[in-house]
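This is protein-v9.cif. It holds mmCIF, C-alpha atoms.
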```
data_run
#
loop_
_atom_site.label_atom_id
_atom_site.label_comp_id
_atom_site.auth_asym_id
_atom_site.auth_seq_id
_atom_site.Cartn_x
_atom_site.Cartn_y
_atom_site.Cartn_z
CA MET A 3 119.44 76.57 65.50
CA ASN A 4 116.27 78.34 66.72
CA THR A 5 117.04 80.23 69.93
CA SER A 6 113.80 82.23 70.15
CA PRO A 7 111.99 81.92 73.51
CA GLN A 8 109.34 79.25 73.81
CA LYS A 9 105.77 80.51 73.72
CA LEU A 10 104.13 79.40 76.99
CA ILE A 11 100.81 81.27 77.04
CA HIS A 12 98.89 82.61 74.06
CA LEU A 13 95.52 84.34 74.33
CA GLN A 14 93.41 85.35 71.35
CA GLN A 15 90.31 87.51 71.74
CA LEU A 16 89.64 86.13 75.23
CA THR A 17 86.41 87.40 76.78
CA LYS A 18 84.62 86.86 80.06
CA THR A 19 81.00 87.84 80.69
CA TYR A 20 79.17 87.52 84.01
CA GLY A 21 75.39 87.34 84.11
CA GLN A 22 72.92 87.31 81.25
CA GLY A 23 70.66 89.66 79.33
CA SER A 24 70.37 93.20 80.66
CA ALA A 25 72.36 92.20 83.76
CA ALA A 26 75.35 90.93 81.74
CA PHE A 27 78.72 92.47 82.57
CA LYS A 28 81.65 91.99 80.19
CA ALA A 29 84.72 91.88 82.45
CA LEU A 30 87.11 91.08 79.57
CA LYS A 31 86.35 92.35 76.08
CA GLY A 32 88.88 90.60 73.85
CA ILE A 33 92.37 90.04 75.28
CA ASP A 34 95.32 89.21 73.03
CA LEU A 35 98.44 88.31 75.00
CA THR A 36 101.56 86.18 74.56
CA ILE A 37 103.89 85.20 77.40
CA HIS A 38 107.10 83.26 76.83
CA GLN A 39 108.72 80.68 79.06
CA GLY A 40 110.86 82.32 81.75
CA GLU A 41 109.27 85.77 81.58
CA PHE A 42 108.32 87.79 84.66
CA VAL A 43 105.19 89.81 83.84
CA SER A 44 103.26 92.19 86.08
CA ILE A 45 99.58 92.93 85.46
CA MET A 46 98.26 96.30 86.61
CA GLY A 47 94.97 98.15 86.48
CA PRO A 48 92.48 100.01 88.67
CA SER A 49 89.76 98.26 90.63
CA GLY A 50 87.21 96.76 88.24
CA SER A 51 89.60 96.85 85.27
CA GLY A 52 89.49 93.09 84.69
CA LYS A 53 93.01 92.25 85.88
CA SER A 54 91.81 89.81 88.54
CA THR A 55 89.45 88.15 86.05
CA LEU A 56 92.35 87.80 83.63
CA MET A 57 94.51 86.28 86.36
CA ASN A 58 91.79 83.76 87.26
CA LEU A 59 91.49 82.68 83.64
CA LEU A 60 95.26 82.40 83.21
CA GLY A 61 95.46 80.33 86.40
CA CYS A 62 92.70 77.99 85.18
CA LEU A 63 90.51 78.97 88.13
CA ASP A 64 87.72 80.11 85.78
CA ARG A 65 86.72 79.59 82.16
CA PRO A 66 86.53 82.20 79.40
CA THR A 67 83.22 82.98 77.72
CA THR A 68 84.76 83.11 74.26
CA GLY A 69 88.22 83.16 72.72
CA SER A 70 91.28 80.94 72.81
CA TYR A 71 93.77 80.18 75.62
CA LEU A 72 96.74 78.00 74.72
CA TYR A 73 99.04 76.82 77.52
CA GLU A 74 102.10 75.09 76.05
CA GLY A 75 99.97 74.56 72.97
CA ILE A 76 97.08 72.98 74.90
CA PRO A 77 93.66 74.64 74.28
CA VAL A 78 92.72 75.23 77.91
CA GLU A 79 89.12 76.22 77.14
CA THR A 80 88.44 72.68 75.89
CA LEU A 81 89.62 70.90 79.07
CA ASP A 82 87.13 69.38 81.48
CA SER A 83 87.25 70.01 85.25
CA VAL A 84 89.46 66.99 85.94
CA GLN A 85 91.96 67.98 83.24
CA LEU A 86 92.03 71.56 84.52
CA SER A 87 92.70 70.30 88.03
CA LEU A 88 95.59 68.17 86.77
CA LEU A 89 97.04 71.14 84.87
CA ARG A 90 96.90 73.32 88.00
CA ARG A 91 98.38 70.56 90.15
CA HIS A 92 101.33 69.75 87.91
CA ALA A 93 102.20 72.98 86.10
CA LEU A 94 100.96 75.96 88.15
CA GLY A 95 101.78 77.48 91.53
CA PHE A 96 99.83 80.18 93.38
CA ILE A 97 100.88 82.91 95.83
CA PHE A 98 98.23 85.06 97.54
CA GLN A 99 98.18 88.37 99.38
CA GLY A 100 96.76 86.72 102.50
CA PHE A 101 99.31 83.85 102.52
CA ASN A 102 96.51 81.22 102.90
CA LEU A 103 98.50 79.06 105.31
CA LEU A 104 96.86 76.53 107.63
CA ALA A 105 97.00 78.18 111.07
CA ARG A 106 97.71 75.16 113.30
CA THR A 107 100.06 73.45 110.86
CA SER A 108 103.85 73.76 110.78
CA ALA A 109 105.69 75.49 107.97
CA LEU A 110 106.96 72.14 106.73
CA GLU A 111 103.46 70.62 106.66
CA ASN A 112 102.06 73.69 104.87
CA VAL A 113 104.71 73.39 102.18
CA GLU A 114 104.02 69.65 101.83
CA LEU A 115 100.32 70.12 100.99
CA PRO A 116 100.63 70.20 97.16
CA LEU A 117 102.77 67.05 97.32
CA LEU A 118 100.18 65.29 99.46
CA TYR A 119 97.57 65.93 96.77
CA ARG A 120 99.93 64.42 94.21
CA GLY A 121 100.29 61.22 96.23
CA ILE A 122 104.01 61.59 96.94
CA LYS A 123 105.33 59.43 99.79
CA ARG A 124 105.92 60.98 103.20
CA SER A 125 109.73 60.72 103.22
CA MET A 126 109.99 62.33 99.79
CA ARG A 127 107.49 65.05 100.78
CA HIS A 128 109.67 65.95 103.78
CA THR A 129 112.80 66.12 101.64
CA MET A 130 111.19 68.26 98.94
CA ALA A 131 109.52 70.60 101.46
CA ARG A 132 112.76 71.12 103.39
CA ASP A 133 114.55 71.92 100.14
CA ALA A 134 111.85 74.46 99.20
CA LEU A 135 112.05 76.14 102.62
CA ALA A 136 115.82 76.38 102.24
CA GLN A 137 115.41 77.98 98.83
CA VAL A 138 113.31 80.78 100.35
CA GLY A 139 115.71 81.30 103.25
CA LEU A 140 113.80 79.49 106.01
CA PRO A 141 115.73 76.27 106.69
CA ASP A 142 115.35 76.74 110.46
CA LYS A 143 111.59 77.48 110.55
CA GLU A 144 110.11 74.16 109.46
CA ARG A 145 108.52 73.42 112.87
CA ASN A 146 107.04 76.90 113.37
CA THR A 147 103.33 77.58 112.87
CA PRO A 148 102.21 80.74 110.99
CA ALA A 149 101.47 82.50 114.31
CA GLU A 150 105.15 82.12 115.21
CA LEU A 151 106.33 83.74 111.97
CA SER A 152 106.45 87.34 110.75
CA GLY A 153 104.39 88.42 107.74
CA GLY A 154 107.43 88.21 105.50
CA GLN A 155 108.29 84.74 106.78
CA GLN A 156 104.71 83.59 106.23
CA GLN A 157 104.87 84.79 102.63
CA ARG A 158 108.17 82.95 102.18
CA VAL A 159 106.47 79.77 103.40
CA ALA A 160 103.67 80.42 100.90
CA ILE A 161 106.24 80.84 98.12
CA ALA A 162 107.95 77.60 99.19
CA ARG A 163 104.57 75.85 98.99
CA ALA A 164 104.06 77.30 95.50
CA ILE A 165 107.43 76.11 94.16
CA VAL A 166 107.74 72.75 95.96
CA SER A 167 106.17 70.82 93.06
CA ASN A 168 108.45 72.52 90.49
CA PRO A 169 105.72 74.38 88.56
CA THR A 170 106.29 75.90 85.15
CA THR A 171 104.37 79.05 86.09
CA LEU A 172 103.78 81.01 89.30
CA PHE A 173 100.70 83.21 89.68
CA ALA A 174 101.17 85.88 92.36
CA ASP A 175 98.11 87.90 93.38
CA GLU A 176 99.25 91.05 95.23
CA PRO A 177 102.05 89.05 96.92
CA THR A 178 103.32 92.07 98.89
CA GLY A 179 99.97 93.71 99.65
CA ASN A 180 100.15 92.91 103.39
CA LEU A 181 103.86 93.64 103.85
CA ASP A 182 105.91 96.68 104.86
CA SER A 183 108.31 98.30 102.39
CA GLN A 184 111.47 96.50 103.56
CA THR A 185 109.79 93.08 103.56
CA THR A 186 108.24 93.87 100.16
CA GLU A 187 111.72 94.45 98.76
CA GLU A 188 112.95 91.14 100.23
CA ILE A 189 110.02 89.18 98.77
CA MET A 190 110.40 90.78 95.35
CA GLU A 191 114.13 90.04 95.30
CA LEU A 192 113.29 86.42 96.16
CA LEU A 193 110.76 86.17 93.31
CA THR A 194 113.25 87.78 90.93
CA ARG A 195 115.89 85.21 91.93
CA LEU A 196 113.48 82.29 91.45
CA ASN A 197 112.57 83.62 88.02
CA ARG A 198 116.18 84.08 86.99
CA GLU A 199 117.76 80.96 88.52
CA ARG A 200 114.96 78.43 87.99
CA ASN A 201 113.48 79.94 84.82
CA ILE A 202 110.02 79.93 86.43
CA THR A 203 107.53 82.07 84.53
CA ILE A 204 105.88 84.54 86.94
CA LEU A 205 102.64 86.44 86.39
CA MET A 206 101.96 88.95 89.14
CA VAL A 207 98.98 91.20 89.80
CA THR A 208 99.95 94.36 91.68
CA HIS A 209 98.68 97.90 92.14
CA GLU A 210 102.11 99.17 93.25
CA ASP A 211 104.30 100.78 90.58
CA ASP A 212 107.55 100.07 92.45
CA VAL A 213 106.64 96.38 92.77
CA ALA A 214 105.75 96.15 89.08
CA THR A 215 109.24 97.35 88.11
CA TYR A 216 110.73 94.06 89.31
CA ALA A 217 109.01 92.36 86.37
CA GLN A 218 110.48 92.36 82.87
CA ARG A 219 107.16 93.49 81.36
CA THR A 220 104.10 95.32 82.64
CA VAL A 221 100.66 94.79 81.13
CA HIS A 222 98.10 97.50 81.92
CA VAL A 223 94.44 96.42 81.83
CA ILE A 224 91.72 99.08 81.61
CA ASP A 225 87.99 98.42 81.15
CA GLY A 226 88.52 94.80 80.14
CA LEU A 227 91.16 95.52 77.50
CA ILE A 228 94.95 95.69 77.43
CA GLN A 229 95.73 99.39 77.24
CA LYS A 230 99.52 99.09 77.27
CA ASP A 231 102.14 96.32 77.28
CA HIS A 232 105.69 97.52 77.75
CA VAL A 233 109.16 96.30 78.69
CA ASN A 234 110.50 97.61 82.01
CA PRO A 235 114.01 99.02 82.42
CA PRO A 236 116.53 96.45 83.71
CA LEU A 237 116.83 96.13 87.49
CA PRO A 238 119.98 97.49 89.16
CA GLN A 239 122.76 94.91 89.40
CA ALA A 240 122.59 95.08 93.19
CA VAL A 241 119.12 93.51 93.07
CA LEU A 242 120.21 90.77 90.67
CA SER A 243 123.32 89.77 92.64
#
```
Re-express the file's structure as structure tokens.
Amino acid sequence: MNTSPQKLIHLQQLTKTYGQGSAAFKALKGIDLTIHQGEFVSIMGPSGSGKSTLMNLLGCLDRPTTGSYLYEGIPVETLDSVQLSLLRRHALGFIFQGFNLLARTSALENVELPLLYRGIKRSMRHTMARDALAQVGLPDKERNTPAELSGGQQQRVAIARAIVSNPTTLFADEPTGNLDSQTTEEIMELLTRLNRERNITILMVTHEDDVATYAQRTVHVIDGLIQKDHVNPPLPQAVLS
């Protein structure tokens, strides 16, 4: 029986160029990368390295200039805008540094948004959103608006919104960038638990070395190329328990 991990994402010579002629800027210069189902991968690099461009391409928020991107064997670069939207809606979840919550909307309603776009009935949306809030440790905050929540609680709501539709992959863009050190640790332990218990693949952009160590692998991007791709040491058991 084949027990090797399933290949989820496979990039071959992926490039991205902005502009034309003498003004052209090659943000990615030929990326080869494979990510397997259930991995937790951090992406690091200095400003202007291409890590954010890579994240946008992986999250189907932009298209490559050349090269191949296979997601579960599907050639993403050949999909039209409607197909890309469906892929994002049904397979991908997104977590942002700025939380991106609707200010005058309750936590429950914020979490329900992806389900609303999928046409799920109101009663089922409520049930699924409440379950997602419970999974991130906020079962008693469903009526609170973002202004009534701490930064860490707002990010937990954002994570609940990202996982409510049971995505295969979570894309986290500097998910702890606006948080203090203690809250950062709590959020990273939550992401680690979601990765381990639900087998959600997580790709995370971060500029913080201590945050990157929560991932199983760290990919370093420099000048539009992968400079280094290495396995991180295992987390202490106290974090995993």
Can you sort out the box for region 154-172 of chain A, edges along x, y and z, all listed atoms in, 6 Å on every side, with centre and edge lengths in Å to one decimal, as JSON?
```
{"center_x": 106.1, "center_y": 79.5, "center_z": 96.0, "size_x": 16.8, "size_y": 29.4, "size_z": 33.6}
```
Checklist entry - For this file, the PyMOL selection byres ((chain A and resi 50) around 9) selects which residues, as a list in words? => result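 After applying the PyMOL selection byres ((chain A and resi 50) around 9), what remains is Ala29, Gly47, Pro48, Ser49, Ser51, Gly52, Lys53, Ser54, Ile224, Asp225 and Gly226 of chain A.
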Would you save the residues from that selection as a PDB file, in the frame of the given file, using C-alpha atoms?
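Final output, result_37.pdb:
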```pdb
ATOM      1  CA  ALA A  29      84.720  91.880  82.450  1.00  0.00           C
ATOM      2  CA  GLY A  47      94.970  98.150  86.480  1.00  0.00           C
ATOM      3  CA  PRO A  48      92.480 100.010  88.670  1.00  0.00           C
ATOM      4  CA  SER A  49      89.760  98.260  90.630  1.00  0.00           C
ATOM      5  CA  SER A  51      89.600  96.850  85.270  1.00  0.00           C
ATOM      6  CA  GLY A  52      89.490  93.090  84.690  1.00  0.00           C
ATOM      7  CA  LYS A  53      93.010  92.250  85.880  1.00  0.00           C
ATOM      8  CA  SER A  54      91.810  89.810  88.540  1.00  0.00           C
ATOM      9  CA  ILE A 224      91.720  99.080  81.610  1.00  0.00           C
ATOM     10  CA  ASP A 225      87.990  98.420  81.150  1.00  0.00           C
ATOM     11  CA  GLY A 226      88.520  94.800  80.140  1.00  0.00           C
TER      12      GLY A 226
END
```
Checklist entry - Within 8 Å of region 96-107 of chain A, counting only C-alpha atoms, which residues qualify if same-chain residues fewer than 6 places away don't, as a PyMOL selection string? => result chain A and resi 147-149+156-157+160-161+164+172-180
Item to check | Computed interatomic separation between CA of Leu30 (chain A) and CA of Met190 (chain A) (Å) | outcome: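 So the answer is 28.1 Å.
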Checklist entry - So which one's closest to Leu13 (chain A), A:Ile76, A:Ile202, A:Ala25, A:Ala93? Using only C-alpha atoms, please. => result A:Ile76
Item to check | Point (105.1, 77.4, 95.4) neighbourhood (12 Å, all atoms listed in the file) written as a PyMOL selection string | outcome: chain A and resi 90-98+101+112-117+130-131+133-135+137-138+157-174+193+196+202+204
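CA of Phe27 (chain A) sits 21.1 Å away from CA of Ile45 (chain A).
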